[in-house]
Every structure is written in C-alpha cells, then in structure tokens.
$ cat input-v3.tsv   # TSV, C-alpha atoms
chain	number	residue	atom	x	y	z
G	14	MET	CA	0.00	0.00	0.00
G	15	GLU	CA	2.87	2.36	0.85
G	16	ARG	CA	4.47	1.62	-2.52
G	17	ALA	CA	1.25	2.48	-4.37
G	18	ALA	CA	0.90	5.69	-2.39
G	19	GLN	CA	4.51	6.59	-3.11
G	20	GLN	CA	4.03	6.10	-6.85
G	21	ALA	CA	0.93	8.31	-6.77
G	22	VAL	CA	2.78	11.26	-5.18
G	23	PRO	CA	4.01	13.91	-7.66
G	24	LEU	CA	7.78	14.29	-7.67
G	25	GLY	CA	7.59	17.78	-6.15
G	26	GLN	CA	5.84	16.38	-3.09
G	27	MET	CA	8.08	13.33	-2.63
G	28	GLU	CA	10.30	14.99	-0.03
G	29	VAL	CA	7.26	15.93	2.07
G	30	PHE	CA	5.89	12.40	1.75
G	31	GLU	CA	9.20	10.87	2.84
G	32	ALA	CA	9.51	13.31	5.76
G	33	LEU	CA	6.01	12.36	6.97
G	34	GLN	CA	6.87	8.69	6.55
G	35	ARG	CA	9.98	9.11	8.71
G	36	LEU	CA	8.00	11.08	11.29
G	37	HIS	CA	5.56	8.17	11.77
G	38	MET	CA	8.13	5.39	11.46
G	39	THR	CA	8.58	2.54	13.93
G	40	VAL	CA	11.60	0.23	13.74
G	41	PHE	CA	10.40	-3.14	15.03
G	42	SER	CA	13.37	-5.41	14.35
G	43	GLN	CA	17.13	-5.61	13.88
G	44	SER	CA	19.66	-8.24	12.83
G	45	VAL	CA	23.46	-8.17	12.49
G	46	SER	CA	25.10	-9.69	9.41
G	47	PRO	CA	27.19	-12.89	9.81
G	48	CYS	CA	30.40	-10.88	9.30
G	49	GLY	CA	29.34	-8.44	12.04
G	50	LYS	CA	29.95	-5.34	9.88
G	51	PHE	CA	26.37	-4.61	8.80
G	52	LEU	CA	23.03	-4.08	10.52
G	53	ALA	CA	19.58	-4.75	9.05
G	54	ALA	CA	16.64	-2.78	10.49
G	55	GLY	CA	12.98	-3.46	9.63
G	56	ASN	CA	10.20	-0.88	9.92
G	57	ASN	CA	6.40	-0.56	9.98
G	58	TYR	CA	6.28	0.16	6.22
G	59	GLY	CA	7.72	-3.25	5.33
G	60	GLN	CA	11.12	-1.81	4.46
G	61	ILE	CA	14.49	-3.25	5.44
G	62	ALA	CA	17.44	-0.84	5.59
G	63	ILE	CA	21.04	-2.07	5.60
G	64	PHE	CA	23.57	0.06	7.48
G	65	SER	CA	27.35	-0.31	7.37
G	66	LEU	CA	28.46	-0.40	11.00
G	67	SER	CA	32.12	-0.42	9.96
G	68	ALA	CA	31.66	2.78	7.90
G	69	ALA	CA	29.60	4.53	10.61
G	70	LEU	CA	32.17	3.63	13.31
G	71	SER	CA	35.17	4.64	11.19
G	72	SER	CA	37.26	7.63	12.31
G	73	GLU	CA	36.55	9.08	8.83
G	74	ALA	CA	32.76	8.62	9.11
G	75	LYS	CA	30.57	11.35	7.61
G	76	GLU	CA	26.84	11.97	8.02
G	77	GLU	CA	26.26	9.92	4.87
G	78	SER	CA	27.91	6.93	6.64
G	79	LYS	CA	24.97	6.85	9.06
G	80	LYS	CA	22.38	6.48	6.28
G	81	PRO	CA	21.38	3.11	4.74
G	82	MET	CA	23.65	1.75	2.02
G	83	VAL	CA	20.51	0.13	0.61
G	84	THR	CA	16.79	0.07	1.51
G	85	PHE	CA	14.34	-2.39	-0.03
G	86	GLN	CA	10.66	-3.30	0.23
G	87	ALA	CA	10.58	-6.69	1.97
G	88	HIS	CA	6.95	-7.06	3.10
G	89	ASP	CA	3.61	-5.37	2.45
G	90	GLY	CA	3.13	-4.77	6.19
G	91	PRO	CA	5.52	-4.31	9.14
G	92	VAL	CA	8.76	-6.30	9.48
G	93	TYR	CA	8.10	-7.59	12.99
G	94	SER	CA	11.13	-9.83	13.42
G	95	MET	CA	14.48	-10.69	11.79
G	96	VAL	CA	17.30	-13.17	12.41
G	97	SER	CA	20.48	-14.04	10.50
G	98	THR	CA	22.04	-17.41	9.75
G	99	ASP	CA	25.61	-17.75	8.46
G	100	ARG	CA	24.32	-16.92	4.94
G	101	HIS	CA	20.76	-15.64	5.11
G	102	LEU	CA	18.73	-12.77	6.50
G	103	LEU	CA	15.28	-14.06	7.51
G	104	SER	CA	12.44	-11.56	7.94
G	105	ALA	CA	8.87	-12.01	9.19
G	106	GLY	CA	5.76	-9.97	8.58
G	107	ASP	CA	2.06	-10.74	8.28
G	108	GLY	CA	1.68	-14.50	7.84
G	109	GLU	CA	4.99	-15.39	6.21
G	110	VAL	CA	8.75	-15.50	6.56
G	111	LYS	CA	11.13	-14.57	3.73
G	112	ALA	CA	14.81	-15.27	3.09
G	113	TRP	CA	17.42	-13.01	1.52
G	114	LEU	CA	21.07	-13.82	0.79
G	115	TRP	CA	23.39	-11.52	2.73
G	116	ALA	CA	26.01	-11.76	-0.06
G	117	GLU	CA	23.46	-10.45	-2.59
G	118	ILE	CA	22.09	-7.76	-0.24
G	119	LEU	CA	25.60	-6.34	0.20
G	120	LYS	CA	25.89	-6.12	-3.60
G	121	LYS	CA	22.54	-4.26	-3.45
G	122	GLY	CA	20.79	-7.16	-5.16
G	123	CYS	CA	17.83	-7.44	-2.80
G	124	LYS	CA	15.98	-10.30	-4.45
G	125	GLU	CA	13.84	-12.59	-2.32
G	126	LEU	CA	15.30	-16.10	-2.17
G	127	TRP	CA	12.22	-17.88	-0.81
G	128	ARG	CA	9.11	-17.37	1.30
G	129	ARG	CA	7.24	-19.76	3.54
G	130	GLN	CA	3.87	-19.61	5.27
G	131	PRO	CA	3.13	-21.85	8.26
G	132	PRO	CA	0.13	-24.20	7.91
G	133	TYR	CA	-2.55	-21.99	9.45
G	134	ARG	CA	-5.90	-23.42	10.48
G	135	THR	CA	-7.86	-21.54	7.80
G	136	SER	CA	-6.82	-20.06	4.46
G	137	LEU	CA	-8.35	-16.73	5.52
G	138	GLU	CA	-6.05	-16.47	8.53
G	139	VAL	CA	-3.08	-14.10	8.08
G	140	PRO	CA	-1.69	-13.62	11.61
G	141	GLU	CA	1.40	-11.52	12.19
G	142	ILE	CA	4.62	-13.38	13.00
G	143	ASN	CA	5.94	-11.51	16.04
G	144	ALA	CA	9.02	-13.59	16.80
G	145	LEU	CA	11.66	-15.67	15.02
G	146	LEU	CA	14.17	-17.89	16.83
G	147	LEU	CA	17.06	-19.91	15.41
G	148	VAL	CA	17.93	-23.28	16.94
G	149	PRO	CA	21.36	-23.83	15.30
G	150	LYS	CA	22.07	-27.35	16.58
G	151	GLU	CA	18.78	-28.65	15.17
G	152	ASN	CA	18.91	-26.37	12.08
G	153	LEU	CA	15.41	-25.18	12.97
G	154	LEU	CA	13.61	-21.86	12.72
G	155	ILE	CA	10.83	-21.31	15.28
G	156	LEU	CA	8.06	-18.85	14.34
G	157	ALA	CA	5.34	-17.54	16.64
G	158	GLY	CA	2.72	-14.81	16.68
G	159	GLY	CA	-0.93	-14.13	16.12
G	160	ASP	CA	-2.20	-17.70	15.75
G	161	CYS	CA	-1.08	-18.58	19.34
G	162	GLN	CA	1.16	-21.43	18.11
G	163	LEU	CA	4.88	-22.10	17.73
G	164	HIS	CA	5.78	-23.45	14.28
G	165	ALA	CA	9.06	-25.28	13.67
G	166	MET	CA	10.59	-25.12	10.20
G	167	ASP	CA	13.48	-27.26	8.98
G	168	LEU	CA	15.86	-24.74	7.41
G	169	GLU	CA	17.40	-27.34	5.10
G	170	THR	CA	14.16	-28.49	3.46
G	171	GLY	CA	11.87	-25.54	4.18
G	172	THR	CA	9.19	-27.87	5.55
G	173	PHE	CA	7.17	-27.22	8.70
G	174	MET	CA	7.67	-30.14	11.08
G	175	TRP	CA	5.28	-29.46	13.95
G	176	ALA	CA	3.19	-26.85	15.71
G	177	LEU	CA	3.07	-26.39	19.49
G	178	ARG	CA	-0.27	-25.39	20.98
G	179	GLY	CA	-0.88	-24.17	24.52
G	180	HIS	CA	-1.09	-20.39	24.49
G	181	THR	CA	-4.63	-19.02	24.53
G	182	ASP	CA	-3.71	-15.63	23.05
G	183	TYR	CA	-1.08	-14.37	20.65
G	184	ILE	CA	2.64	-14.86	21.29
G	185	HIS	CA	5.00	-11.89	21.63
G	186	CYS	CA	8.44	-13.37	22.25
G	187	LEU	CA	10.68	-16.45	22.13
G	188	ALA	CA	13.95	-17.47	23.80
G	189	LEU	CA	16.21	-20.52	23.57
G	190	ARG	CA	17.53	-22.52	26.51
G	191	GLU	CA	20.29	-24.27	24.60
G	192	ARG	CA	21.51	-26.92	27.03
G	193	SER	CA	18.10	-28.52	27.47
G	194	PRO	CA	17.20	-27.89	24.50
G	195	GLU	CA	14.04	-25.94	25.31
G	196	VAL	CA	12.23	-23.01	23.76
G	197	LEU	CA	10.44	-20.48	25.94
G	198	SER	CA	7.49	-18.46	24.69
G	199	GLY	CA	5.71	-15.49	26.25
G	200	GLY	CA	2.29	-14.24	25.24
G	201	GLU	CA	-0.72	-12.03	25.72
G	202	ASP	CA	-2.26	-14.72	27.97
G	203	GLY	CA	0.32	-13.87	30.67
G	204	ALA	CA	2.06	-17.24	30.53
G	205	VAL	CA	5.66	-18.22	29.85
G	206	ARG	CA	5.65	-21.76	28.47
G	207	LEU	CA	8.68	-24.05	28.17
G	208	TRP	CA	8.73	-26.56	25.33
G	209	ASP	CA	11.06	-29.57	25.01
G	210	LEU	CA	12.30	-29.68	21.40
G	211	ARG	CA	13.10	-33.41	21.64
G	212	THR	CA	9.52	-34.39	22.41
G	213	ALA	CA	7.73	-31.29	20.98
G	214	LYS	CA	5.77	-31.05	24.24
G	215	GLU	CA	5.15	-28.39	26.87
G	216	VAL	CA	7.12	-29.18	30.03
G	217	GLN	CA	6.55	-26.13	32.26
G	218	THR	CA	4.19	-23.17	32.55
G	219	ILE	CA	4.78	-20.03	34.60
G	220	GLU	CA	1.76	-17.75	34.89
G	221	VAL	CA	3.67	-14.65	35.88
G	222	TYR	CA	0.68	-12.41	36.70
G	223	LYS	CA	-0.52	-14.87	39.37
G	224	HIS	CA	2.54	-14.12	41.52
G	225	GLU	CA	1.65	-11.17	43.74
G	226	GLU	CA	5.13	-9.63	43.73
G	227	CYS	CA	5.14	-9.46	39.88
G	228	SER	CA	1.49	-8.66	39.21
G	229	ARG	CA	0.47	-5.20	37.98
G	230	PRO	CA	-3.20	-5.54	36.99
G	231	HIS	CA	-3.38	-1.94	35.71
G	232	ASN	CA	-0.81	-2.83	33.02
G	233	GLY	CA	-2.37	-6.18	32.06
G	234	ARG	CA	-0.98	-9.70	32.15
G	235	TRP	CA	0.85	-9.82	28.77
G	236	ILE	CA	4.47	-10.96	28.51
G	237	GLY	CA	6.30	-8.77	26.00
G	238	CYS	CA	9.93	-9.85	26.46
G	239	LEU	CA	11.99	-12.71	27.84
G	240	ALA	CA	15.57	-13.98	27.86
G	241	THR	CA	17.34	-17.00	29.34
G	242	ASP	CA	20.73	-17.85	30.78
G	243	SER	CA	21.04	-21.51	31.81
G	244	ASP	CA	18.63	-22.03	34.75
G	245	TRP	CA	17.60	-18.38	34.82
G	246	MET	CA	14.94	-16.43	32.97
G	247	VAL	CA	14.06	-12.75	32.95
G	248	CYS	CA	10.69	-11.61	31.60
G	249	GLY	CA	8.44	-8.59	31.66
G	250	GLY	CA	5.58	-6.73	30.02
G	251	GLY	CA	2.38	-6.01	31.91
G	252	PRO	CA	3.82	-7.70	35.03
G	253	ALA	CA	7.03	-6.28	36.50
G	254	LEU	CA	10.38	-7.18	34.95
G	255	THR	CA	11.42	-10.21	37.03
G	256	LEU	CA	14.33	-12.65	37.28
G	257	TRP	CA	13.19	-16.28	37.74
G	258	HIS	CA	14.90	-19.50	38.73
G	259	LEU	CA	13.45	-21.95	36.22
G	260	ARG	CA	14.02	-25.22	38.07
G	261	SER	CA	12.02	-24.04	41.04
G	262	SER	CA	9.66	-21.69	39.11
G	263	THR	CA	10.54	-19.02	41.67
G	264	PRO	CA	10.78	-15.26	41.16
G	265	THR	CA	14.07	-14.19	42.79
G	266	THR	CA	14.38	-10.50	41.83
G	267	VAL	CA	11.66	-8.01	40.92
G	268	PHE	CA	13.19	-4.98	39.20
G	269	PRO	CA	11.78	-1.61	40.33
G	270	MET	CA	10.69	-0.35	36.89
G	271	ARG	CA	7.19	1.05	36.43
G	272	ALA	CA	7.13	1.26	32.63
G	273	PRO	CA	6.33	-1.97	30.74
G	274	GLN	CA	9.45	-3.46	29.14
G	275	LYS	CA	9.47	-4.63	25.50
G	276	HIS	CA	12.97	-6.11	25.17
G	277	VAL	CA	15.37	-7.72	27.63
G	278	THR	CA	18.70	-9.50	27.36
G	279	PHE	CA	21.46	-10.89	29.59
G	280	TYR	CA	24.86	-9.22	29.04
G	281	GLN	CA	27.86	-10.36	31.09
G	282	ASP	CA	26.80	-9.84	34.74
G	283	LEU	CA	24.03	-7.39	33.82
G	284	ILE	CA	20.49	-7.42	32.48
G	285	LEU	CA	19.66	-4.83	29.81
G	286	SER	CA	16.04	-3.81	29.27
G	287	ALA	CA	14.08	-1.25	27.26
G	288	GLY	CA	10.46	-0.33	26.64
G	289	GLN	CA	8.32	2.72	27.29
G	290	GLY	CA	10.62	5.71	27.59
G	291	ARG	CA	13.91	6.72	25.96
G	292	CYS	CA	16.36	4.83	28.17
G	293	VAL	CA	18.25	1.58	27.94
G	294	ASN	CA	18.22	0.28	31.52
G	295	GLN	CA	21.17	-1.59	33.03
G	296	TRP	CA	20.34	-3.81	36.00
G	297	GLN	CA	22.42	-5.72	38.50
G	298	LEU	CA	21.09	-9.25	39.06
G	299	SER	CA	20.29	-8.15	42.63
G	300	GLY	CA	17.72	-5.65	41.30
G	301	GLU	CA	19.82	-2.51	41.63
G	302	LEU	CA	19.56	-0.06	38.71
G	303	LYS	CA	23.15	0.51	37.62
G	304	ALA	CA	22.43	3.06	34.87
G	305	GLN	CA	19.78	4.50	32.56
G	306	VAL	CA	21.25	5.63	29.26
G	307	PRO	CA	18.98	7.90	27.18
G	308	GLY	CA	18.49	7.39	23.46
G	309	SER	CA	16.73	9.40	20.76
G	310	SER	CA	13.45	7.43	20.43
G	311	PRO	CA	10.49	8.08	22.76
G	312	GLY	CA	9.98	4.33	23.17
G	313	LEU	CA	12.19	1.29	22.47
G	314	LEU	CA	11.12	-2.06	21.01
G	315	SER	CA	14.38	-3.74	20.06
G	316	LEU	CA	17.93	-4.12	21.41
G	317	SER	CA	20.70	-5.81	19.44
G	318	LEU	CA	24.14	-6.74	20.79
G	319	ASN	CA	26.73	-7.20	18.07
G	320	GLN	CA	29.16	-9.74	19.49
G	321	GLN	CA	30.36	-11.30	16.23
G	322	PRO	CA	33.99	-12.38	16.83
G	323	ALA	CA	34.83	-11.65	13.16
G	324	ALA	CA	34.36	-7.89	13.70
G	325	PRO	CA	35.52	-6.85	17.21
G	326	GLU	CA	35.76	-3.23	16.00
G	327	CYS	CA	31.99	-3.27	15.44
G	328	LYS	CA	31.08	-4.53	18.91
G	329	VAL	CA	28.15	-2.24	19.74
G	330	LEU	CA	24.69	-2.18	21.27
G	331	THR	CA	21.96	-0.80	19.00
G	332	ALA	CA	18.49	0.28	20.15
G	333	ALA	CA	15.43	1.06	18.01
G	334	GLY	CA	11.73	1.75	18.40
G	335	ASN	CA	9.27	4.61	17.87
G	336	SER	CA	11.31	6.71	15.44
G	337	CYS	CA	13.28	6.43	12.20
G	338	ARG	CA	16.57	6.29	14.15
G	339	VAL	CA	18.66	3.39	15.43
G	340	ASP	CA	20.84	4.46	18.36
G	341	VAL	CA	24.39	3.12	18.54
G	342	PHE	CA	26.15	2.66	21.89
G	343	THR	CA	29.89	1.98	21.54
G	344	ASN	CA	30.01	1.30	25.25
G	345	LEU	CA	27.09	0.97	27.61
G	346	GLY	CA	27.59	4.39	29.15
G	347	TYR	CA	26.37	6.71	26.41
G	348	ARG	CA	24.82	6.94	22.94
G	349	ALA	CA	27.62	7.58	20.44
G	350	PHE	CA	25.40	8.45	17.45
G	351	SER	CA	22.28	7.39	15.57
G	352	LEU	CA	21.77	5.65	12.25
G	353	SER	CA	18.73	6.92	10.38
G	354	PHE	CA	16.34	5.78	7.67
$ encode --input "input-v3.tsv" --output "structure tokens"
Amino acid sequence: MERAAQQAVPLGQMEVFEALQRLHMTVFSQSVSPCGKFLAAGNNYGQIAIFSLSAALSSEAKEESKKPMVTFQAHDGPVYSMVSTDRHLLSAGDGEVKAWLWAEILKKGCKELWRRQPPYRTSLEVPEINALLLVPKENLLILAGGDCQLHAMDLETGTFMWALRGHTDYIHCLALRERSPEVLSGGEDGAVRLWDLRTAKEVQTIEVYKHEECSRPHNGRWIGCLATDSDWMVCGGGPALTLWHLRSSTPTTVFPMRAPQKHVTFYQDLILSAGQGRCVNQWQLSGELKAQVPGSSPGLLSLSLNQQPAAPECKVLTAAGNSCRVDVFTNLGYRAFSLSF
C-alpha cells in the first residue's frame, strides 16, 4: 500500500511524503550480518534498511555513513522480526517468513530467495509473526505470533515439522535454553511456556501475573519480552520485569521499573532492558539499577548486541523503536550516534 501511495505522489511532493513517513516510522526489528559489519533494520512500512556499522564507526565517518547503504521493500506490512544465519537474513511480517542472501544484499541485489507460510488453520487467517528464533544445533527456525502457536521449520528443506499449541492468546516473544534444549514463549495470555524440542511437548508453565510480587493488573498480564541464561529467565511486560529461577519456578528479583518493558537480554553480569521511555536500563542481578542511558526514540522495542567475533571493532549495542533512528552505543555508558532511515 505504501508503494502504491509513493508512486501516486508527484515528484515535487516526494520529499514531504518521505519526511512524513519518517516522522511516523517505527523500527520493530534488527539483525546483524554474519560478518558483524552490517546491521539490518525493519520498519512498519515493510522496508528493510542495511547500514554499514564499519563505515559509521570509522574515524573518517561522515553523516552519509549513518544512512542506509541500501533500503528495499521486503513485506507489504511491518517487518516484525528478523534473524540471521551464516548466509541468510530471515524476515517475518504478516503471515509469512522470507529469506534473503546476505552476499546479494551487500551487492545491493535485494531479491527474495524464498518465502514460507506456516500451515494456518484456515486459508483466511493471516496472523502476524511476532518472533523468530534460530535453533542452530537442530537447524530449525521457530516462528510464533498471532495464531497462538509455535511453528518449527526445517531450514534445510523448508518444511514445517510441527506446531506447538498451549497459548490461549497471541505470542510476543521467544527465547532458547540451549543446554536442554528448550524453547520459551511469552504471550498475551500472561504465561511463559517451556517446550522440550526433543519431544515437541510443553514441560513447564509459569503464569507470571498470578505471583503477587510481579502482578500489575493496571498494566495487564501480557508478557512482552523474555531472555534466558542456563537455569535463569528474565521476563516482563504487563507484570514487573522479574528474574526467575526456572528449576524451582521461583521469582528471585523483581526490578523496580514502572514502565512496561518490551525487550530484555542478559549481558555479562548485567540485564539490559528497554520499553516505554527513551532509556536503555542496566540492572544488576540483585535488582539494583546501575544506569539508565537515554536514546533518541520516545519508546524502544528492540535491542541488538553485536558480538560477532569476526568484527571486534563493530562490537556495539543498537536500540530502536518509535522513530526512524537506530541508536548506537559503543560502550554501555552513552549513545555515540544514531543511524537513520
């Protein structure tokens, strides 16, 4: 629809159209290239922009270095989630996942390699895919979203192997517990469910909102973000951001943050979170707020840590959300600069 509108705009008005588009832009998703030198960002207009981190971080960087080296139309609706394999960029929108070759993207040849749609219950159903998760050891891609199921796709054959049912409302987020191997999913129903990939069965359910110390009824029960580290999980959303011990299903630390959190990750001995508000929050595992580092967007939806060993000079944290900018933090203490659509 955006493409049709763009074509209908007279050339003299194109700059105004693009300025309005940037003003109302949301960046939902990010993914770092396998070489660690490039960042893909997906927005609400279905566009994917590719930024050169190495050029933007160079001592000779200019303003132009912080603009996309290429932008292409990937989906008709928002690009809700992206992940990268050693060769491919995978992107998800309404009802389907698409693959693009990183080698071709970097030559500015942004041609779709393939697309797949999970086997939905009716042909009329086109639910958004909110989350993608790679399971490298099994060569699987897990997809989840508006149809309340987790779908597992074999990346070698492109076939969907099974669907996991248990959530009673749509799914927002996924995380991998590698040693088990288990996948965790968090949804609008307020539950975090653990699934054993060997048996394709649910093995544990934590209904976060039922625990008094985590519950915040005025915000709802939805789980918007989760992350795992061995026997530990951190999750948040409507309920308070909370650290859990998985084996005992016990909340051990409730973080004193009023605003609902949309993204969380473990980093060294810290937990990083972001959501409503401009700041990336840095938490000690004990619950102490170590720092709040402001960014340029009024709300944040996505954090990405570039830890690719192939490009140590591009080791950065990037944060994106309710604006056309992607903030770059070269260390956790301050925002160095912003990339921009």
$ atom_distance --input "input-v3.tsv" --atom1 "atom CA of Glu215 of chain G" --atom2 "atom CA of Arg229 of chain G"
26.1 Å
$ atom_distance --input "input-v3.tsv" --atom1 "atom CA of Glu226 of chain G" --atom2 "atom CA of Gly300 of chain G"
13.4 Å
$ residues_around --input "input-v3.tsv" --residues "Lys150 of chain G" --least-positions-apart "3" --cutoff "10 Å" --atoms "only C-alpha atoms" --output "VMD selection string"
chain G and resid 147 153 191 194
$ closest_residue --input "input-v3.tsv" --among "G:Phe279, G:Phe354, G:Phe41, G:Phe173" --to "Met82 of chain G" --atoms "only C-alpha atoms"
G:Phe354
$ residues_around --input "input-v3.tsv" --residues "Pro81 of chain G" --least-positions-apart "6" --cutoff "7 Å" --atoms "only C-alpha atoms" --output "list in words"
Ala62, Ile63, Phe64 and Phe354 of chain G
$ write_last_selection --input "input-v3.tsv" --atoms "C-alpha atoms" --output "mmCIF file, in the frame of the given file"
data_model
loop_
_atom_site.group_PDB
_atom_site.id
_atom_site.type_symbol
_atom_site.label_atom_id
_atom_site.label_comp_id
_atom_site.auth_asym_id
_atom_site.auth_seq_id
_atom_site.Cartn_x
_atom_site.Cartn_y
_atom_site.Cartn_z
ATOM 1 C CA ALA G 62 17.440 -0.840 5.590
ATOM 2 C CA ILE G 63 21.040 -2.070 5.600
ATOM 3 C CA PHE G 64 23.570 0.060 7.480
ATOM 4 C CA PHE G 354 16.340 5.780 7.670
#
$ atom_distance --input "input-v3.tsv" --atom1 "atom CA of Thr265 of chain G" --atom2 "atom CA of Val247 of chain G"
9.9 Å
$ residues_around --input "input-v3.tsv" --residues "Phe350 of chain G" --least-positions-apart "6" --cutoff "12 Å" --atoms "all atoms listed in the file" --output "PyMOL selection string"
chain G and resi 66+69-70+74-76+78-80+307-309+329-332+338-344
$ closest_residue --input "input-v3.tsv" --among "G:Pro273, G:Gly159, G:Gly200, G:Gly108" --to "Pro230 of chain G" --atoms "only C-alpha atoms"
G:Pro273
$ residues_around --input "input-v3.tsv" --residues "Leu210 of chain G" --least-positions-apart "6" --cutoff "12 Å" --atoms "all atoms listed in the file" --output "count of residues only"
24
$ closest_residue --input "input-v3.tsv" --among "G:Ala188, G:Leu126, G:Leu313, G:Ala323" --to "Trp113 of chain G" --atoms "all atoms listed in the file"
G:Leu126
$ axis_aligned_box --input "input-v3.tsv" --around "segment 264-283 of chain G" --padding-each-side "3 Å" --output "JSON"
{"center_x": 17.1, "center_y": -7.0, "center_z": 34.0, "size_x": 27.5, "size_y": 22.5, "size_z": 23.6}
$ residues_around --input "input-v3.tsv" --residues "Met38 of chain G" --least-positions-apart "5" --cutoff "10 Å" --atoms "only C-alpha atoms" --output "list of chain:residue names"
G:Ala32, G:Leu33, G:Asn56, G:Asn57, G:Tyr58, G:Gly334, G:Asn335, G:Ser336, G:Cys337, G:Arg338, G:Phe354
$ closest_residue --input "input-v3.tsv" --among "G:Ile118, G:Lys50, G:His185, G:Cys248" --to "Ala68 of chain G" --atoms "all atoms listed in the file"
G:Lys50
$ residues_near_point --input "input-v3.tsv" --point "(11.9, -8.7, 26.6)" --cutoff "10 Å" --atoms "all atoms listed in the file" --output "PyMOL selection string"
chain G and resi 185-188+199+236-240+247-250+254+273-278+285-288+314-316
$ write_last_selection --input "input-v3.tsv" --atoms "C-alpha atoms" --output "PDB file, keeping the file's coordinate frame"
ATOM      1  CA  HIS G 185       5.000 -11.890  21.630  1.00  0.00           C
ATOM      2  CA  CYS G 186       8.440 -13.370  22.250  1.00  0.00           C
ATOM      3  CA  LEU G 187      10.680 -16.450  22.130  1.00  0.00           C
ATOM      4  CA  ALA G 188      13.950 -17.470  23.800  1.00  0.00           C
ATOM      5  CA  GLY G 199       5.710 -15.490  26.250  1.00  0.00           C
ATOM      6  CA  ILE G 236       4.470 -10.960  28.510  1.00  0.00           C
ATOM      7  CA  GLY G 237       6.300  -8.770  26.000  1.00  0.00           C
ATOM      8  CA  CYS G 238       9.930  -9.850  26.460  1.00  0.00           C
ATOM      9  CA  LEU G 239      11.990 -12.710  27.840  1.00  0.00           C
ATOM     10  CA  ALA G 240      15.570 -13.980  27.860  1.00  0.00           C
ATOM     11  CA  VAL G 247      14.060 -12.750  32.950  1.00  0.00           C
ATOM     12  CA  CYS G 248      10.690 -11.610  31.600  1.00  0.00           C
ATOM     13  CA  GLY G 249       8.440  -8.590  31.660  1.00  0.00           C
ATOM     14  CA  GLY G 250       5.580  -6.730  30.020  1.00  0.00           C
ATOM     15  CA  LEU G 254      10.380  -7.180  34.950  1.00  0.00           C
ATOM     16  CA  PRO G 273       6.330  -1.970  30.740  1.00  0.00           C
ATOM     17  CA  GLN G 274       9.450  -3.460  29.140  1.00  0.00           C
ATOM     18  CA  LYS G 275       9.470  -4.630  25.500  1.00  0.00           C
ATOM     19  CA  HIS G 276      12.970  -6.110  25.170  1.00  0.00           C
ATOM     20  CA  VAL G 277      15.370  -7.720  27.630  1.00  0.00           C
ATOM     21  CA  THR G 278      18.700  -9.500  27.360  1.00  0.00           C
ATOM     22  CA  LEU G 285      19.660  -4.830  29.810  1.00  0.00           C
ATOM     23  CA  SER G 286      16.040  -3.810  29.270  1.00  0.00           C
ATOM     24  CA  ALA G 287      14.080  -1.250  27.260  1.00  0.00           C
ATOM     25  CA  GLY G 288      10.460  -0.330  26.640  1.00  0.00           C
ATOM     26  CA  LEU G 314      11.120  -2.060  21.010  1.00  0.00           C
ATOM     27  CA  SER G 315      14.380  -3.740  20.060  1.00  0.00           C
ATOM     28  CA  LEU G 316      17.930  -4.120  21.410  1.00  0.00           C
TER      29      LEU G 316
END
